[in-house]
$ cat structure04.cif   # mmCIF, C-alpha atoms and all ligand atoms
data_model
loop_
_atom_site.label_atom_id
_atom_site.label_comp_id
_atom_site.auth_asym_id
_atom_site.auth_seq_id
_atom_site.Cartn_x
_atom_site.Cartn_y
_atom_site.Cartn_z
CA MET A 15 171.40 264.97 6.03
CA ILE A 16 171.71 261.70 4.16
CA MET A 17 168.69 260.81 2.09
CA GLN A 18 167.45 257.35 2.96
CA HIS A 19 165.78 256.52 -0.27
CA ILE A 20 162.92 254.14 -0.02
CA ILE A 21 163.72 251.06 -2.01
CA SER A 22 161.04 250.28 -4.53
CA PRO A 23 160.93 247.94 -7.48
CA ASP A 24 159.50 250.58 -9.80
CA ASN A 25 161.36 253.29 -11.64
CA SER A 26 160.02 256.31 -9.79
CA SER A 27 161.80 259.58 -10.37
CA PRO A 28 164.22 261.11 -7.84
CA LYS A 29 161.54 263.73 -7.10
CA THR A 30 159.01 261.01 -6.22
CA HIS A 31 161.53 259.36 -3.91
CA GLU A 32 162.33 262.64 -2.22
CA LEU A 33 158.63 263.31 -1.64
CA ALA A 34 158.27 259.79 -0.23
CA PHE A 35 161.24 260.36 2.07
CA HIS A 36 159.52 263.43 3.54
CA TYR A 37 156.15 261.71 3.83
CA LYS A 38 157.83 258.93 5.78
CA LYS A 39 159.16 261.56 8.19
CA ILE A 40 155.69 263.09 8.49
CA ILE A 41 154.16 259.71 9.32
CA GLU A 42 156.79 259.23 12.04
CA LEU A 43 156.22 262.74 13.42
CA LEU A 44 152.52 261.92 13.65
CA GLY A 45 153.51 259.13 16.07
CA GLU A 46 153.21 256.15 13.76
CA ASP A 47 155.63 253.34 13.05
CA ALA A 48 156.35 253.98 9.38
CA ASP A 49 157.91 250.52 9.05
CA ARG A 50 154.86 248.52 10.03
CA GLU A 51 153.43 246.48 7.23
CA GLY A 52 150.40 248.62 6.40
CA LEU A 53 152.48 251.78 6.16
CA GLN A 54 155.61 250.53 4.41
CA LYS A 55 154.52 251.57 0.94
CA THR A 56 152.41 254.52 2.03
CA PRO A 57 155.07 257.24 1.59
CA LEU A 58 155.64 256.23 -2.02
CA ARG A 59 151.90 255.95 -2.70
CA VAL A 60 151.24 259.38 -1.20
CA ALA A 61 154.11 260.86 -3.18
CA LYS A 62 152.68 259.51 -6.42
CA ALA A 63 149.16 260.63 -5.51
CA MET A 64 150.38 264.16 -4.72
CA GLU A 65 152.26 264.32 -8.00
CA PHE A 66 149.07 263.32 -9.79
CA PHE A 67 147.01 265.91 -7.88
CA THR A 68 149.48 268.66 -8.82
CA GLN A 69 150.29 267.65 -12.41
CA GLY A 70 148.51 270.77 -13.70
CA TYR A 71 151.68 272.80 -13.21
CA GLU A 72 153.27 270.98 -16.13
CA ILE A 73 150.57 271.84 -18.65
CA ASP A 74 149.76 275.18 -20.29
CA PRO A 75 145.96 275.28 -20.41
CA GLN A 76 146.01 277.81 -23.25
CA ASP A 77 147.83 275.19 -25.37
CA ILE A 78 144.95 272.77 -24.75
CA LEU A 79 142.48 275.29 -26.18
CA ARG A 80 144.74 276.37 -29.04
CA GLU A 81 144.85 272.74 -30.21
CA ALA A 82 141.17 272.98 -31.06
CA ILE A 83 140.00 276.41 -32.16
CA PHE A 84 137.53 276.39 -35.03
CA LYS A 85 136.13 279.27 -37.05
CA GLU A 86 132.37 279.34 -36.62
CA ASP A 87 129.66 281.99 -36.89
CA TYR A 88 127.55 280.60 -34.02
CA ARG A 89 126.88 283.49 -31.63
CA GLN A 90 124.63 281.91 -29.02
CA MET A 91 125.59 280.76 -25.58
CA VAL A 92 127.65 277.56 -25.41
CA ILE A 93 127.27 275.83 -22.05
CA VAL A 94 129.22 272.95 -20.54
CA LYS A 95 127.75 272.15 -17.15
CA ASP A 96 128.21 269.70 -14.27
CA ILE A 97 131.91 269.18 -14.90
CA ASP A 98 133.31 267.22 -11.96
CA PHE A 99 136.61 268.44 -10.61
CA TYR A 100 138.92 267.67 -7.69
CA SER A 101 141.44 270.13 -6.29
CA LEU A 102 143.55 270.72 -3.20
CA CYS A 103 143.12 273.78 -1.02
CA GLU A 104 146.43 275.56 -0.71
CA HIS A 105 145.87 276.41 2.96
CA HIS A 106 145.46 272.86 4.28
CA LEU A 107 146.39 270.58 1.36
CA LEU A 108 142.99 268.96 1.76
CA PRO A 109 140.58 268.28 -1.09
CA PHE A 110 137.88 270.56 -2.32
CA PHE A 111 135.71 269.22 -5.09
CA GLY A 112 132.44 269.70 -6.85
CA LYS A 113 131.06 270.87 -10.14
CA ALA A 114 132.08 273.58 -12.56
CA HIS A 115 129.76 275.17 -15.11
CA VAL A 116 131.12 277.18 -18.01
CA ALA A 117 129.38 279.33 -20.61
CA TYR A 118 130.75 281.46 -23.39
CA ILE A 119 129.36 283.36 -26.34
CA PRO A 120 131.60 282.85 -29.38
CA ASN A 121 132.98 285.74 -31.36
CA GLY A 122 133.87 283.92 -34.57
CA TYR A 123 135.67 281.01 -32.90
CA ILE A 124 134.61 278.01 -30.88
CA THR A 125 136.64 275.32 -29.13
CA GLY A 126 136.13 271.58 -28.88
CA LEU A 127 133.71 270.90 -26.01
CA SER A 128 136.00 268.27 -24.52
CA LYS A 129 138.71 270.91 -24.07
CA ILE A 130 136.78 272.76 -21.37
CA PRO A 131 136.86 269.92 -18.81
CA ARG A 132 140.55 269.50 -19.64
CA ILE A 133 141.44 273.11 -18.84
CA ILE A 134 139.45 272.82 -15.60
CA ASP A 135 141.49 269.74 -14.63
CA CYS A 136 144.66 271.56 -15.54
CA PHE A 137 143.94 274.42 -13.13
CA ALA A 138 142.33 272.18 -10.49
CA ARG A 139 145.40 269.92 -10.32
CA ARG A 140 147.41 272.59 -8.57
CA LEU A 141 147.34 273.99 -5.05
CA GLN A 142 144.32 276.27 -5.25
CA VAL A 143 141.66 278.40 -3.70
CA GLN A 144 138.21 278.16 -5.25
CA GLU A 145 138.08 281.87 -6.09
CA ARG A 146 141.33 281.79 -8.08
CA LEU A 147 140.36 278.54 -9.81
CA THR A 148 137.17 280.26 -11.01
CA THR A 149 139.01 283.33 -12.29
CA GLN A 150 141.80 281.38 -13.98
CA ILE A 151 139.32 279.29 -15.99
CA LYS A 152 137.47 282.45 -17.04
CA ASP A 153 140.70 284.27 -18.00
CA CYS A 154 142.02 281.30 -19.96
CA LEU A 155 138.88 281.12 -22.10
CA GLN A 156 138.67 284.88 -22.52
CA ASP A 157 142.33 285.31 -23.46
CA THR A 158 142.49 282.34 -25.83
CA LEU A 159 139.13 282.39 -27.62
CA ASN A 160 138.33 286.11 -27.27
CA PRO A 161 134.59 285.39 -27.00
CA LEU A 162 131.87 288.03 -26.49
CA GLY A 163 131.69 286.86 -22.89
CA VAL A 164 132.57 284.03 -20.52
CA MET A 165 131.02 282.96 -17.24
CA VAL A 166 132.26 280.34 -14.81
CA VAL A 167 130.32 279.05 -11.78
CA ILE A 168 131.91 276.61 -9.34
CA GLU A 169 130.08 274.78 -6.55
CA ALA A 170 132.35 272.93 -4.15
CA GLN A 171 132.65 271.19 -0.82
CA HIS A 172 135.80 271.86 1.19
CA MET A 173 137.17 269.04 3.33
CA CYS A 174 139.22 271.53 5.35
CA MET A 175 135.94 273.03 6.58
CA GLN A 176 133.88 269.86 6.85
CA MET A 177 136.48 267.62 8.50
CA ARG A 178 137.45 270.27 11.00
CA GLY A 179 133.81 270.96 11.84
CA ILE A 180 133.95 274.60 10.76
CA GLU A 181 130.94 274.41 8.49
CA LYS A 182 127.86 272.28 8.59
CA GLN A 183 128.29 269.03 6.73
CA ASN A 184 127.63 269.21 3.01
CA SER A 185 127.63 272.99 2.84
CA ILE A 186 128.42 274.16 -0.67
CA THR A 187 130.56 277.16 -1.52
CA THR A 188 129.63 278.85 -4.79
CA THR A 189 131.89 281.22 -6.72
CA SER A 190 131.36 282.88 -10.06
CA ASP A 191 133.20 285.20 -12.39
CA PHE A 192 132.34 286.58 -15.82
CA THR A 193 133.30 288.94 -18.62
CA GLY A 194 131.70 290.86 -21.46
CA ALA A 195 128.14 289.94 -22.34
CA PHE A 196 127.64 288.34 -18.92
CA GLU A 197 127.84 291.77 -17.33
CA HIS A 198 124.18 292.00 -18.33
CA ALA A 199 122.08 290.51 -15.54
CA LYS A 200 119.72 288.91 -18.08
CA THR A 201 122.52 286.95 -19.72
CA ARG A 202 123.75 285.72 -16.35
CA GLU A 203 120.21 284.75 -15.37
CA GLU A 204 119.79 282.74 -18.58
CA PHE A 205 122.96 280.78 -17.78
CA ILE A 206 122.01 280.25 -14.12
CA ALA A 207 118.53 279.04 -15.14
CA LEU A 208 120.08 276.55 -17.58
CA ILE A 209 122.55 275.12 -15.05
CA LYS A 210 119.89 274.76 -12.31
CA ARG A 211 117.78 272.51 -14.50
ZN ZN A 301 141.60 274.89 3.37
#
$ encode --input "structure04.cif" --output "structure tokens" --more "lines below"
Ligand SMILES: [Zn+2]
Amino acid sequence: MIMQHIISPDNSSPKTHELAFHYKKIIELLGEDADREGLQKTPLRVAKAMEFFTQGYEIDPQDILREAIFKEDYRQMVIVKDIDFYSLCEHHLLPFFGKAHVAYIPNGYITGLSKIPRIIDCFARRLQVQERLTTQIKDCLQDTLNPLGVMVVIEAQHMCMQMRGIEKQNSITTTSDFTGAFEHAKTREEFIALIKR
């Protein structure tokens, strides 16, 4: 098959143009006229949006943390809560989004607080399921910082459920995963109480 590359004035990569080519086909298969004015630039826009939503594949989240590891004797819980994230469910390629809450108890080393939202974005900007997203964030912190414990809680709304009418509108799916010190119910309860505030 000959690729009919969409002519654009920008310098998009061959990959972007190939994605756009396929999105144009999809629009046509859905019964639309891909050449009408409102849709002419849509394939290229969607291609660029999808590349943005999946840019996490190109980044090693452990590198983000390793950039900012500091020796510190603080041994109390460090909490970063209400971190907004947006991801795509790998079953329907539809958004799921919400808030992530992360706690860890340092074991001689801490990381820059701004790094935690960045590793969440890195994992969220891939094709995901909420359960794996939760576990990957936990594993990344545990493996890189070696803290006394990590806990991750994610609350999210899934467009694939809401738009298809499978769940009541605005239902929230909550997942959590933890290591080490968070195996004690009291430690988990302390974290949960702090994020509910
Ligand atoms: Zn889905």
$ residues_near_ligand --input "structure04.cif" --ligand "ligand ZN 301 (chain A)" --cutoff "7 Å" --atoms "all atoms listed in the file" --output "ChimeraX atom specification"
/A:103-108,172,174-175
$ residues_around --input "structure04.cif" --residues "Arg140 of chain A" --least-positions-apart "4" --cutoff "10 Å" --atoms "all atoms listed in the file" --output "PyMOL selection string"
chain A and resi 64-72+100-104+135-136+147
$ axis_aligned_box --input "structure04.cif" --around "segment 193-207 of chain A" --padding-each-side "4 Å" --output "lines of an AutoDock Vina configuration file"
center_x = 125.9
center_y = 285.5
center_z = -18.2
size_x = 22.8
size_y = 21.0
size_z = 16.2
$ residues_around --input "structure04.cif" --residues "Lys113 of chain A" --least-positions-apart "3" --cutoff "9 Å" --atoms "all atoms listed in the file" --output "number ranges by chain"
A: 95-100, 167-170
$ write_last_selection --input "structure04.cif" --atoms "C-alpha atoms" --output "mmCIF file, in the frame of the given file"
data_model
loop_
_atom_site.group_PDB
_atom_site.id
_atom_site.type_symbol
_atom_site.label_atom_id
_atom_site.label_comp_id
_atom_site.auth_asym_id
_atom_site.auth_seq_id
_atom_site.Cartn_x
_atom_site.Cartn_y
_atom_site.Cartn_z
ATOM 1 C CA LYS A 95 127.750 272.150 -17.150
ATOM 2 C CA ASP A 96 128.210 269.700 -14.270
ATOM 3 C CA ILE A 97 131.910 269.180 -14.900
ATOM 4 C CA ASP A 98 133.310 267.220 -11.960
ATOM 5 C CA PHE A 99 136.610 268.440 -10.610
ATOM 6 C CA TYR A 100 138.920 267.670 -7.690
ATOM 7 C CA VAL A 167 130.320 279.050 -11.780
ATOM 8 C CA ILE A 168 131.910 276.610 -9.340
ATOM 9 C CA GLU A 169 130.080 274.780 -6.550
ATOM 10 C CA ALA A 170 132.350 272.930 -4.150
#
$ atom_distance --input "structure04.cif" --atom1 "atom CA of Asp191 of chain A" --atom2 "atom CA of Glu145 of chain A"
8.6 Å
$ atom_distance --input "structure04.cif" --atom1 "atom CA of Lys152 of chain A" --atom2 "atom CA of Arg139 of chain A"
16.3 Å
$ closest_residue --input "structure04.cif" --among "A:Ile73, A:Val143, A:Ala63, A:Leu155" --to "Phe111 of chain A" --atoms "only C-alpha atoms"
A:Val143
$ residues_around --input "structure04.cif" --residues "Leu79 of chain A" --least-positions-apart "3" --cutoff "7 Å" --atoms "all atoms listed in the file" --output "PyMOL selection string"
chain A and resi 75-76+82-83+125+129
$ closest_residue --input "structure04.cif" --among "A:Ala61, A:Gly122, A:Gln156, A:Val166" --to "Val94 of chain A" --atoms "all atoms listed in the file"
A:Val166
$ atom_distance --input "structure04.cif" --atom1 "atom CA of Ala48 of chain A" --atom2 "atom CA of Ser26 of chain A"
19.7 Å
$ closest_residue --input "structure04.cif" --among "A:Ser27, A:Thr148, A:Thr187, A:Ser128" --to "Val164 of chain A" --atoms "all atoms listed in the file"
A:Thr148
$ closest_residue --input "structure04.cif" --among "A:Glu86, A:Asp77, A:Glu197, A:Glu204" --to "Thr158 of chain A" --atoms "all atoms listed in the file"
A:Asp77
$ closest_residue --input "structure04.cif" --among "A:Tyr123, A:Ile40, A:Lys85, A:Phe196" --to "Leu159 of chain A" --atoms "only C-alpha atoms"
A:Tyr123
$ closest_residue --input "structure04.cif" --among "A:Met91, A:Ile134, A:Met177, A:Ile78" --to "Pro109 of chain A" --atoms "all atoms listed in the file"
A:Met177
$ residues_near_point --input "structure04.cif" --point "(126.4, 274.7, -19.8)" --cutoff "7 Å" --atoms "only C-alpha atoms" --output "PyMOL selection string"
chain A and resi 92-95+115-117+208-209
$ residues_near_point --input "structure04.cif" --point "(146.4, 279.2, -15.5)" --cutoff "7 Å" --atoms "all atoms listed in the file" --output "PyMOL selection string"
chain A and resi 75+137+150+154
